[in-house]
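Undergrad: If it helps, the file is called model_15.txt and holds compact mmCIF, C-alpha atoms (C1' of nucleotides):
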```txt
# COMPACT_ATOMS: atom_id res chain seq x y z
CA MET A 1 62.70 100.50 88.70
CA LYS A 2 64.78 102.51 86.28
CA LYS A 3 67.33 104.87 87.67
CA THR A 4 66.78 108.54 86.97
CA SER A 5 70.46 108.94 86.18
CA ASN A 6 73.55 106.81 85.85
CA TYR A 7 75.86 109.68 86.61
CA HIS A 8 78.06 109.64 89.68
CA HIS A 9 78.59 113.38 89.64
CA GLY A 10 82.33 113.27 89.75
CA ASN A 11 82.88 110.96 92.69
CA LEU A 12 83.07 107.74 90.67
CA LYS A 13 86.84 107.93 90.59
CA GLU A 14 87.10 108.03 94.36
CA GLU A 15 84.51 105.29 94.76
CA LEU A 16 86.45 103.09 92.35
CA LEU A 17 89.59 103.49 94.44
CA ASN A 18 87.72 102.79 97.67
CA GLN A 19 85.94 99.73 96.34
CA ALA A 20 89.09 98.32 94.75
CA LEU A 21 90.99 98.77 98.00
CA ASN A 22 88.14 97.14 99.87
CA ILE A 23 88.06 94.09 97.58
CA ILE A 24 91.83 93.72 97.80
CA GLN A 25 91.72 93.68 101.59
CA THR A 26 88.82 91.25 101.88
CA GLN A 27 89.35 88.95 98.89
CA GLY A 28 92.77 89.69 97.45
CA ILE A 29 94.02 91.27 94.25
CA ASP A 30 92.70 88.60 91.89
CA ALA A 31 89.13 89.33 92.95
CA VAL A 32 89.41 92.87 91.60
CA THR A 33 87.63 92.65 88.27
CA LEU A 34 86.19 95.44 86.16
CA GLN A 35 82.92 93.56 86.07
CA VAL A 36 82.78 93.25 89.87
CA LEU A 37 83.71 96.92 90.32
CA GLY A 38 81.01 97.94 87.86
CA ASN A 39 78.40 95.85 89.66
CA LYS A 40 79.33 97.30 93.05
CA LEU A 41 79.06 100.86 91.77
CA GLY A 42 76.05 100.30 89.53
CA THR A 43 77.83 101.08 86.27
CA SER A 44 78.96 99.09 83.29
CA ARG A 45 82.42 97.63 83.43
CA THR A 46 83.70 100.08 80.85
CA ALA A 47 82.83 103.19 82.86
CA ILE A 48 86.25 102.90 84.49
CA TYR A 49 87.96 104.08 81.35
CA ARG A 50 86.62 107.61 81.83
CA HIS A 51 88.71 107.90 85.00
CA PHE A 52 91.68 105.59 84.50
CA SER A 53 93.58 104.71 81.38
CA SER A 54 93.60 101.01 82.27
CA LYS A 55 93.04 98.55 85.09
CA GLN A 56 96.79 98.72 85.71
CA ASP A 57 96.48 102.49 86.11
CA LEU A 58 93.64 102.06 88.61
CA LEU A 59 95.65 99.55 90.66
CA GLN A 60 98.66 101.85 90.72
CA ASN A 61 96.46 104.58 92.13
CA VAL A 62 95.10 102.15 94.71
CA ILE A 63 98.65 101.37 95.79
CA PHE A 64 99.45 105.07 96.06
CA PHE A 65 96.22 105.60 98.01
CA GLY A 66 96.88 102.55 100.22
CA PHE A 67 100.33 103.82 101.13
CA GLU A 68 98.83 106.95 102.61
CA LYS A 69 96.61 104.89 104.87
CA PHE A 70 99.61 102.77 105.76
CA GLU A 71 101.84 105.72 106.62
CA GLU A 72 99.13 107.30 108.77
CA LYS A 73 99.46 104.45 111.25
CA PHE A 74 103.00 105.40 112.12
CA SER A 75 103.21 109.17 112.37
CA PRO A 76 101.41 109.31 115.76
CA ILE A 77 103.93 106.85 117.19
CA PHE A 78 106.95 108.68 115.80
CA GLN A 79 105.59 111.83 117.43
CA MET A 80 105.23 110.43 120.96
CA LYS A 81 107.78 112.79 122.41
CA GLU A 82 107.07 111.59 125.94
CA LYS A 83 108.42 108.17 125.02
CA THR A 84 112.12 107.40 124.65
CA VAL A 85 113.67 106.78 121.25
CA VAL A 86 113.99 103.09 122.04
CA GLU A 87 110.35 102.87 123.12
CA ARG A 88 109.15 104.56 119.92
CA LEU A 89 111.30 102.23 117.83
CA TYR A 90 109.75 99.25 119.60
CA LEU A 91 106.20 100.50 119.11
CA VAL A 92 106.68 101.37 115.45
CA GLY A 93 107.92 97.84 114.78
CA ILE A 94 104.97 96.31 116.63
CA GLU A 95 102.55 98.48 114.67
CA TYR A 96 104.25 97.48 111.41
CA ILE A 97 103.92 93.76 112.11
CA ASN A 98 100.35 94.13 113.35
CA PHE A 99 99.30 96.03 110.24
CA SER A 100 100.75 93.45 107.88
CA ILE A 101 99.10 90.61 109.79
CA ALA A 102 95.76 92.43 109.83
CA ASN A 103 95.94 93.41 106.14
CA PRO A 104 97.95 90.72 104.36
CA ASN A 105 96.41 91.26 100.91
CA LEU A 106 96.95 94.99 101.04
CA TYR A 107 100.44 94.63 102.47
CA ARG A 108 101.42 92.29 99.65
CA ILE A 109 100.49 94.73 96.90
CA LEU A 110 101.91 97.77 98.73
CA PHE A 111 105.33 96.13 98.77
CA GLY A 112 104.94 93.99 95.67
CA GLU A 113 106.55 94.33 92.28
CA LYS A 114 103.88 96.69 90.94
CA PHE A 115 105.21 99.38 93.26
CA GLN A 116 108.11 100.01 90.90
CA GLU A 117 105.68 101.08 88.19
CA VAL A 118 103.90 103.40 90.62
CA ARG A 119 107.15 105.09 91.49
CA GLU A 120 108.21 105.39 87.86
CA SER A 121 104.88 106.98 86.91
CA ASN A 122 104.89 109.39 89.85
CA CYS A 123 107.55 112.06 90.06
CA ASP A 124 106.91 112.96 93.69
CA ILE A 125 107.92 109.56 94.99
CA SER A 126 110.56 109.14 92.36
CA GLU A 127 112.34 112.30 93.46
CA GLU A 128 111.74 112.05 97.15
CA GLU A 129 112.59 108.35 96.89
CA ASN A 130 112.05 107.58 100.54
CA SER A 131 108.60 107.10 101.97
CA GLU A 132 107.41 109.24 104.83
CA GLY A 133 107.76 106.33 107.25
CA PHE A 134 111.27 105.58 106.12
CA HIS A 135 112.20 109.20 106.57
CA ALA A 136 110.70 109.27 110.05
CA LEU A 137 112.65 106.16 110.96
CA MET A 138 115.90 107.79 109.85
CA LYS A 139 115.08 110.90 111.85
CA LEU A 140 114.43 108.78 114.93
CA LEU A 141 117.79 107.08 114.54
CA ILE A 142 119.51 110.44 114.16
CA GLU A 143 117.69 111.70 117.27
CA GLY A 144 119.10 108.71 119.16
CA GLU A 145 122.54 109.46 117.83
CA GLU A 146 122.42 113.11 118.81
CA ALA A 147 121.40 112.10 122.32
CA LYS A 148 124.61 110.02 122.46
CA LEU A 149 122.45 106.94 122.84
CA PHE A 150 123.20 105.35 119.47
CA ASN A 151 126.37 104.88 117.53
CA ILE A 152 125.49 104.95 113.83
CA SER A 153 127.88 105.24 110.92
CA ASN A 154 125.17 105.71 108.27
CA PRO A 155 121.54 106.39 109.33
CA MET A 156 120.12 105.49 105.91
CA THR A 157 121.84 102.11 105.85
CA GLN A 158 120.82 101.48 109.45
CA ALA A 159 117.20 102.34 108.62
CA GLN A 160 117.39 99.94 105.67
CA VAL A 161 118.58 97.17 107.98
CA ILE A 162 115.64 97.74 110.32
CA PHE A 163 113.18 98.01 107.46
CA SER A 164 114.49 94.85 105.82
CA LEU A 165 114.13 92.90 109.03
CA CYS A 166 110.56 94.13 109.59
CA HIS A 167 109.55 93.54 105.99
CA GLY A 168 111.11 90.08 106.08
CA MET A 169 109.25 89.09 109.24
CA ALA A 170 105.95 90.46 107.92
CA SER A 171 106.29 88.84 104.49
CA LEU A 172 107.38 85.45 105.78
CA TYR A 173 104.56 85.55 108.30
CA ILE A 174 101.75 86.34 105.91
CA ASP A 175 102.97 83.90 103.27
CA GLY A 176 103.44 81.05 105.72
CA HIS A 177 107.18 80.44 105.73
CA MET A 178 109.56 78.99 108.30
CA ASN A 179 107.04 78.46 111.08
CA ILE A 180 107.11 82.17 111.77
CA LYS A 181 103.36 82.27 112.35
CA ASP A 182 103.81 80.19 115.50
CA ASN A 183 106.71 82.23 116.85
CA ILE A 184 106.14 85.84 115.86
CA LYS A 185 106.17 87.28 119.38
CA GLU A 186 109.50 85.76 120.35
CA LEU A 187 110.89 86.47 116.88
CA TYR A 188 110.04 90.14 117.23
CA GLU A 189 111.57 90.39 120.71
CA VAL A 190 114.84 88.76 119.64
CA SER A 191 114.92 90.87 116.47
CA PHE A 192 114.40 94.05 118.44
CA LYS A 193 117.12 93.17 120.93
CA THR A 194 119.53 92.38 118.10
CA ILE A 195 118.88 95.71 116.42
CA ILE A 196 119.10 97.75 119.63
CA ASN A 197 122.23 95.92 120.68
CA GLY A 198 123.82 96.96 117.38
CA LEU A 199 122.79 100.59 117.88
CA LEU A 200 123.56 101.32 121.51
CA VAL A 201 126.77 103.08 122.49
CA LYS A 202 128.79 100.65 124.56
CA MET B 203 105.19 68.70 57.00
CA LYS B 204 102.99 66.60 59.24
CA LYS B 205 104.49 65.12 62.33
CA THR B 206 104.57 61.34 62.51
CA SER B 207 103.39 61.49 66.14
CA ASN B 208 102.28 64.01 68.68
CA TYR B 209 103.27 61.83 71.60
CA HIS B 210 105.92 62.92 74.02
CA HIS B 211 106.49 59.42 75.35
CA GLY B 212 106.11 60.28 78.99
CA ASN B 213 108.45 63.26 79.29
CA LEU B 214 105.84 65.93 78.61
CA LYS B 215 105.28 66.44 82.32
CA GLU B 216 108.94 67.22 82.94
CA GLU B 217 109.16 69.44 79.87
CA LEU B 218 106.12 71.38 81.09
CA LEU B 219 107.82 72.04 84.41
CA ASN B 220 111.07 73.06 82.74
CA GLN B 221 109.43 75.37 80.24
CA ALA B 222 107.18 76.96 82.84
CA LEU B 223 110.18 77.60 85.10
CA ASN B 224 112.08 79.01 82.15
CA ILE B 225 109.28 81.41 81.21
CA ILE B 226 108.92 82.53 84.82
CA GLN B 227 112.61 83.37 85.05
CA THR B 228 112.81 85.20 81.75
CA GLN B 229 109.40 86.87 81.48
CA GLY B 230 107.66 86.50 84.81
CA ILE B 231 104.71 84.52 86.08
CA ASP B 232 102.07 86.35 84.01
CA ALA B 233 103.72 85.19 80.79
CA VAL B 234 103.04 81.55 81.69
CA THR B 235 99.99 80.71 79.61
CA LEU B 236 98.68 77.32 78.61
CA GLN B 237 98.68 78.49 75.00
CA VAL B 238 102.33 79.56 75.18
CA LEU B 239 103.33 76.34 76.90
CA GLY B 240 101.50 74.32 74.27
CA ASN B 241 103.22 76.20 71.46
CA LYS B 242 106.66 75.72 72.98
CA LEU B 243 106.12 71.99 73.37
CA GLY B 244 104.25 71.47 70.11
CA THR B 245 101.00 70.36 71.71
CA SER B 246 97.57 71.85 72.08
CA ARG B 247 96.96 73.94 75.14
CA THR B 248 94.72 71.28 76.65
CA ALA B 249 97.39 68.57 76.67
CA ILE B 250 98.48 69.83 80.09
CA TYR B 251 95.41 68.34 81.70
CA ARG B 252 96.75 64.82 81.19
CA HIS B 253 99.57 65.62 83.61
CA PHE B 254 98.26 68.29 85.95
CA SER B 255 94.79 68.82 87.34
CA SER B 256 94.95 72.56 86.63
CA LYS B 257 97.30 75.42 85.83
CA GLN B 258 97.43 76.09 89.57
CA ASP B 259 98.59 72.51 90.11
CA LEU B 260 101.31 72.93 87.49
CA LEU B 261 102.56 76.13 89.10
CA GLN B 262 102.64 74.53 92.53
CA ASN B 263 104.84 71.79 91.11
CA VAL B 264 107.07 74.43 89.51
CA ILE B 265 107.49 76.08 92.90
CA PHE B 266 108.35 72.74 94.48
CA PHE B 267 110.79 72.04 91.63
CA GLY B 268 112.25 75.55 91.85
CA PHE B 269 112.93 75.20 95.55
CA GLU B 270 115.16 72.23 94.90
CA LYS B 271 117.28 74.27 92.50
CA PHE B 272 117.32 77.07 95.06
CA GLU B 273 118.41 74.86 97.94
CA GLU B 274 121.17 73.28 95.85
CA LYS B 275 123.00 76.62 95.79
CA PHE B 276 123.55 76.57 99.53
CA SER B 277 124.48 73.04 100.55
CA PRO B 278 128.05 73.30 99.16
CA ILE B 279 128.62 76.45 101.21
CA PHE B 280 127.21 74.96 104.40
CA GLN B 281 129.58 72.03 103.92
CA MET B 282 132.80 74.06 103.61
CA LYS B 283 134.34 72.59 106.71
CA GLU B 284 137.65 74.36 106.09
CA LYS B 285 135.88 77.71 106.60
CA THR B 286 134.89 79.06 109.99
CA VAL B 287 131.25 79.21 111.06
CA VAL B 288 131.26 82.99 110.64
CA GLU B 289 132.76 82.75 107.15
CA ARG B 290 130.15 80.22 106.06
CA LEU B 291 127.37 82.39 107.45
CA TYR B 292 128.72 85.32 105.47
CA LEU B 293 128.97 83.37 102.22
CA VAL B 294 125.52 81.83 102.54
CA GLY B 295 124.02 85.29 102.93
CA ILE B 296 125.91 86.61 99.91
CA GLU B 297 124.76 83.65 97.84
CA TYR B 298 121.17 84.23 98.98
CA ILE B 299 121.17 87.87 97.92
CA ASN B 300 122.95 87.10 94.65
CA PHE B 301 120.43 84.42 93.74
CA SER B 302 117.46 86.66 94.38
CA ILE B 303 118.99 89.47 92.34
CA ALA B 304 119.83 87.10 89.48
CA ASN B 305 116.40 85.41 89.52
CA PRO B 306 113.88 87.99 90.73
CA ASN B 307 110.84 86.44 89.04
CA LEU B 308 111.61 82.99 90.36
CA TYR B 309 112.46 84.29 93.82
CA ARG B 310 109.14 86.12 94.01
CA ILE B 311 107.06 83.03 93.36
CA LEU B 312 109.21 80.77 95.56
CA PHE B 313 108.48 83.00 98.54
CA GLY B 314 105.12 84.33 97.41
CA GLU B 315 101.68 83.57 98.71
CA LYS B 316 101.19 80.51 96.51
CA PHE B 317 103.77 78.67 98.59
CA GLN B 318 101.21 78.12 101.31
CA GLU B 319 99.10 76.05 98.93
CA VAL B 320 102.14 74.02 97.93
CA ARG B 321 102.86 73.21 101.54
CA GLU B 322 99.27 72.32 102.26
CA SER B 323 99.11 69.96 99.30
CA ASN B 324 102.42 68.31 100.10
CA CYS B 325 102.76 66.32 103.31
CA ASP B 326 106.56 66.14 103.20
CA ILE B 327 107.03 69.86 103.54
CA SER B 328 104.02 70.21 105.77
CA GLU B 329 105.43 67.76 108.29
CA GLU B 330 109.07 68.68 108.04
CA GLU B 331 107.98 72.32 108.02
CA ASN B 332 111.46 73.73 107.69
CA SER B 333 113.23 73.83 104.38
CA GLU B 334 116.59 72.16 103.95
CA GLY B 335 118.35 75.51 103.90
CA PHE B 336 116.63 76.69 107.04
CA HIS B 337 117.62 73.48 108.77
CA ALA B 338 121.23 73.87 107.63
CA LEU B 339 121.25 77.42 108.96
CA MET B 340 120.03 76.24 112.35
CA LYS B 341 122.69 73.54 112.41
CA LEU B 342 125.37 76.10 111.61
CA LEU B 343 124.21 78.28 114.50
CA ILE B 344 124.25 75.31 116.85
CA GLU B 345 127.77 74.43 115.63
CA GLY B 346 128.85 77.95 116.54
CA GLU B 347 127.23 77.62 119.93
CA GLU B 348 128.89 74.29 120.68
CA ALA B 349 132.26 75.83 119.78
CA LYS B 350 131.55 78.46 122.48
CA LEU B 351 131.63 81.10 119.76
CA PHE B 352 127.95 82.02 119.84
CA ASN B 353 125.54 82.65 122.64
CA ILE B 354 122.09 81.62 121.46
CA SER B 355 118.98 81.17 123.56
CA ASN B 356 116.86 79.64 120.79
CA PRO B 357 118.51 78.53 117.52
CA MET B 358 115.20 78.40 115.62
CA THR B 359 114.27 81.94 116.56
CA GLN B 360 117.78 83.12 115.76
CA ALA B 361 117.63 81.44 112.36
CA GLN B 362 114.28 83.12 111.74
CA VAL B 363 115.83 86.51 112.52
CA ILE B 364 118.61 85.92 110.00
CA PHE B 365 116.21 84.56 107.40
CA SER B 366 113.84 87.49 107.85
CA LEU B 367 116.63 89.98 107.36
CA CYS B 368 117.91 88.24 104.22
CA HIS B 369 114.43 87.83 102.78
CA GLY B 370 113.64 91.45 103.55
CA MET B 371 116.78 92.73 101.83
CA ALA B 372 116.21 90.50 98.80
CA SER B 373 112.52 91.40 98.45
CA LEU B 374 112.97 95.12 98.90
CA TYR B 375 115.85 95.04 96.43
CA ILE B 376 114.05 93.23 93.63
CA ASP B 377 110.84 95.24 94.04
CA GLY B 378 112.64 98.58 94.10
CA HIS B 379 112.01 99.88 97.62
CA MET B 380 113.88 102.29 99.87
CA ASN B 381 116.84 102.92 97.57
CA ILE B 382 118.21 99.52 98.49
CA LYS B 383 119.31 98.81 94.92
CA ASP B 384 121.92 101.56 95.20
CA ASN B 385 123.22 100.48 98.58
CA ILE B 386 123.01 96.69 98.71
CA LYS B 387 126.71 96.06 99.40
CA GLU B 388 126.91 98.36 102.40
CA LEU B 389 123.49 97.21 103.58
CA TYR B 390 124.64 93.60 103.56
CA GLU B 391 127.86 94.40 105.43
CA VAL B 392 126.06 96.35 108.16
CA SER B 393 123.37 93.67 108.41
CA PHE B 394 125.98 90.96 108.76
CA LYS B 395 127.86 92.86 111.47
CA THR B 396 124.62 93.47 113.36
CA ILE B 397 123.71 89.78 113.28
CA ILE B 398 127.18 88.56 114.22
CA ASN B 399 127.44 91.14 116.98
CA GLY B 400 124.24 89.73 118.43
CA LEU B 401 125.54 86.18 118.27
CA LEU B 402 129.12 86.39 119.52
CA VAL B 403 129.98 85.53 123.10
CA LYS B 404 131.27 88.69 124.74
C1' DA C 405 97.19 56.09 77.48
C1' DC C 406 97.67 60.38 75.30
C1' DC C 407 96.29 64.25 72.60
C1' DT C 408 92.99 67.37 69.82
C1' DG C 409 89.26 70.79 68.55
C1' DA C 410 85.18 72.87 69.58
C1' DA C 411 82.70 75.06 73.11
C1' DC C 412 82.01 77.66 77.47
C1' DA C 413 82.31 81.37 80.74
C1' DC C 414 85.35 84.61 81.92
C1' DC C 415 88.86 88.56 81.33
C1' DG C 416 90.63 93.59 79.81
C1' DT C 417 90.09 96.81 76.18
C1' DT C 418 88.22 99.53 72.13
C1' DC C 419 84.83 102.22 70.00
C1' DA C 420 80.69 103.94 67.93
C1' DA C 421 76.57 105.45 69.88
C1' DG C 422 73.56 107.51 73.29
C1' DT C 423 72.30 111.37 77.05
C1' DA D 424 81.34 115.28 80.07
C1' DC D 425 79.95 110.82 81.24
C1' DC D 426 78.20 106.26 80.45
C1' DT D 427 76.55 102.05 77.65
C1' DG D 428 76.47 97.79 74.63
C1' DA D 429 78.44 95.24 71.22
C1' DA D 430 82.62 93.43 69.59
C1' DC D 431 87.43 91.72 69.90
C1' DA D 432 91.26 88.94 71.31
C1' DC D 433 92.61 86.65 75.09
C1' DC D 434 92.32 83.40 79.27
C1' DG D 435 91.55 78.60 81.93
C1' DT D 436 88.71 74.63 81.74
C1' DT D 437 85.54 70.81 80.09
C1' DC D 438 84.45 67.14 77.17
C1' DA D 439 83.33 64.26 73.30
C1' DA D 440 86.09 62.48 69.80
C1' DG D 441 90.18 60.68 67.63
C1' DT D 442 94.74 57.52 67.55
```
Output the file's structure as structure tokens, nothing else.

TA:
Amino acid sequence: MKKTSNYHHGNLKEELLNQALNIIQTQGIDAVTLQVLGNKLGTSRTAIYRHFSSKQDLLQNVIFFGFEKFEEKFSPIFQMKEKTVVERLYLVGIEYINFSIANPNLYRILFGEKFQEVRESNCDISEEENSEGFHALMKLLIEGEEAKLFNISNPMTQAQVIFSLCHGMASLYIDGHMNIKDNIKELYEVSFKTIINGLLVK
Amino acid sequence: MKKTSNYHHGNLKEELLNQALNIIQTQGIDAVTLQVLGNKLGTSRTAIYRHFSSKQDLLQNVIFFGFEKFEEKFSPIFQMKEKTVVERLYLVGIEYINFSIANPNLYRILFGEKFQEVRESNCDISEEENSEGFHALMKLLIEGEEAKLFNISNPMTQAQVIFSLCHGMASLYIDGHMNIKDNIKELYEVSFKTIINGLLVK
DNA sequence: ACCTGAACACCGTTCAAGT
DNA sequence: ACCTGAACACCGTTCAAGT
């Protein structure tokens, strides 16, 4: 049973990214091994080096790739023009928490320390600085302000406050801190009220 | 130049914890290697196994040990009875952010995924559930409520909101997300106002 | 009781060699 | 252009042996 060819005809790079992402989600980052990847794709463990300069390089690309999948979850919600600004804000937050709970291993590496290296090695992000989702959040806040609904001194700072709160809840949840796992629904509701209360024109 | 004895007379365990913590803070978790630890302490790299069942076990103890140092930063602030509740809340938050910025590598492992294993393998934390600092925060909120300053429906949930926001700011800062590094002072001020605004009796 | 040295199975990476 | 197999230096862990 010898294979006629060991070539992947140019799609090995994409398969590597897909498989690595898959292993991260199901078994966590430590389970991603060049040996395991090679076995899954039917190549030796050194085949990787044709497509990535190192394992680090591969993982950085996975993070970049994973972010796209992450961002995709939110754009439909931001675009629900039939919903009010407040409703969209609520739904985006819910989606954010749900994603992190459903994909803890992926979420951890997307927002982990390795991200800094990704940004440094990629000019697009480095220049743009803000992610698509962060930008959309700012735009939503500005939309609320222009409708005389919100009172915001600095939309970027306000978006950072909201993002910090969401990231904090998600991280503490998935890593098992402060009993948050048992109280996430109420925590989200109180968090949302606190944020909205700080935004609304009185 | 042969040593008269390779014995550490019972303090090797403590030295291992100290050195591991030191390496984590200065070089990060990946730099903690049994070989490096052995070299620093003048033992072979297998000497560790007299005192810990595995490297994992050692790291869990480092996390436990590190949390004590972390918590110590806050108790003096919580106990400043000459300061108002709001002032103490402000200072605790500042201290929290400052610590995480000053000790990013340590902060990351204290609140990382490994913590769950520490809690599971340690009945004290598992039963108590809440850390000392979290408890002190809840008590501070209740003190504000009893003074008719704050209006709080559930002190635990409210403490979780505050903790999530602080953890989110700290994490996003040290891992280089959303431009927070360039805006941390304003971000903290706006965050604090938002939280206080949600707490104060109107 | 405490530590060592050799051995084991793994890891990422390099490189000459094969098609 | 793309992949392999052997080799290298590392890693955590086990274990018989030394004091």

Undergrad: Per residue of chain D within 10 Å of chain B, which atom pair is closest and at what distance in Å (one decimal), using all atoms listed in the file, listed by chain and increasing number, as CSV?

TA:
```
residue,atom,partner,partner_atom,distance
D:DC434,C1',B:Thr235,CA,8.1
D:DG435,C1',B:Lys257,CA,7.6
D:DT436,C1',B:Ser256,CA,8.2
D:DT437,C1',B:Thr248,CA,9.8
D:DT442,C1',B:Ser207,CA,9.6
```

Undergrad: CA of Ala222 in chain B to CA of Val238 in chain B: how many Å, to one decimal?

TA: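 Taking CA of Ala222 in chain B as the start and CA of Val238 in chain B as the end point, the length is 9.4 Å.
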
Undergrad: Pick from B:Asp259, B:Met340, B:Gly335, B:Phe317: nearest to chain A, with all atoms listed in the file counted?

TA: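 Ranked by minimum distance to chain A, first place goes to B:Phe317.
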
Undergrad: So how many Å separate CA of Gly112 in chain A and CA of Asp377 in chain B, to one decimal?

TA: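 So the answer is 6.2 Å.
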
Undergrad: Return the neighbours of chain A among the residues of chain B, cut-off 10 Å, counting only C-alpha atoms, as a PyMOL selection string.

TA: chain B and resi 306-307+310+313-319+321+331-333+336-337+355-356+358-382+385-386+388-401

Undergrad: What's the 12 Å shell around DA439 in chain D, counting only C-alpha atoms (C1' of nucleotides), without same-chain residues fewer than 6 positions away, as an MDAnalysis selection string?

TA: chainID C and resid 408:411

Undergrad: Atoms to include: C-alpha atoms (C1' of nucleotides). Write the selected residues as a PDB file, keeping the file's coordinate frame.

TA:
```
ATOM      1  C1'  DT C 408      92.990  67.370  69.820  1.00  0.00           C
ATOM      2  C1'  DG C 409      89.260  70.790  68.550  1.00  0.00           C
ATOM      3  C1'  DA C 410      85.180  72.870  69.580  1.00  0.00           C
ATOM      4  C1'  DA C 411      82.700  75.060  73.110  1.00  0.00           C
TER       5       DA C 411
END
```

Undergrad: Rounded to one decimal place, report the CA of Asn220 in chain B-CA of Ser323 in chain B distance in Å.

TA: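 Rounded to one decimal, the two atoms are 20.7 Å apart.
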
Undergrad: Using all atoms listed in the file, determine which residues lie at most 10 Å from Lys13 in chain A, disregarding the query and same-chain residues fewer than 5 positions distant; provide the list as a ChimeraX atom specification.

TA: /A:8,18,47-48,50-52,58
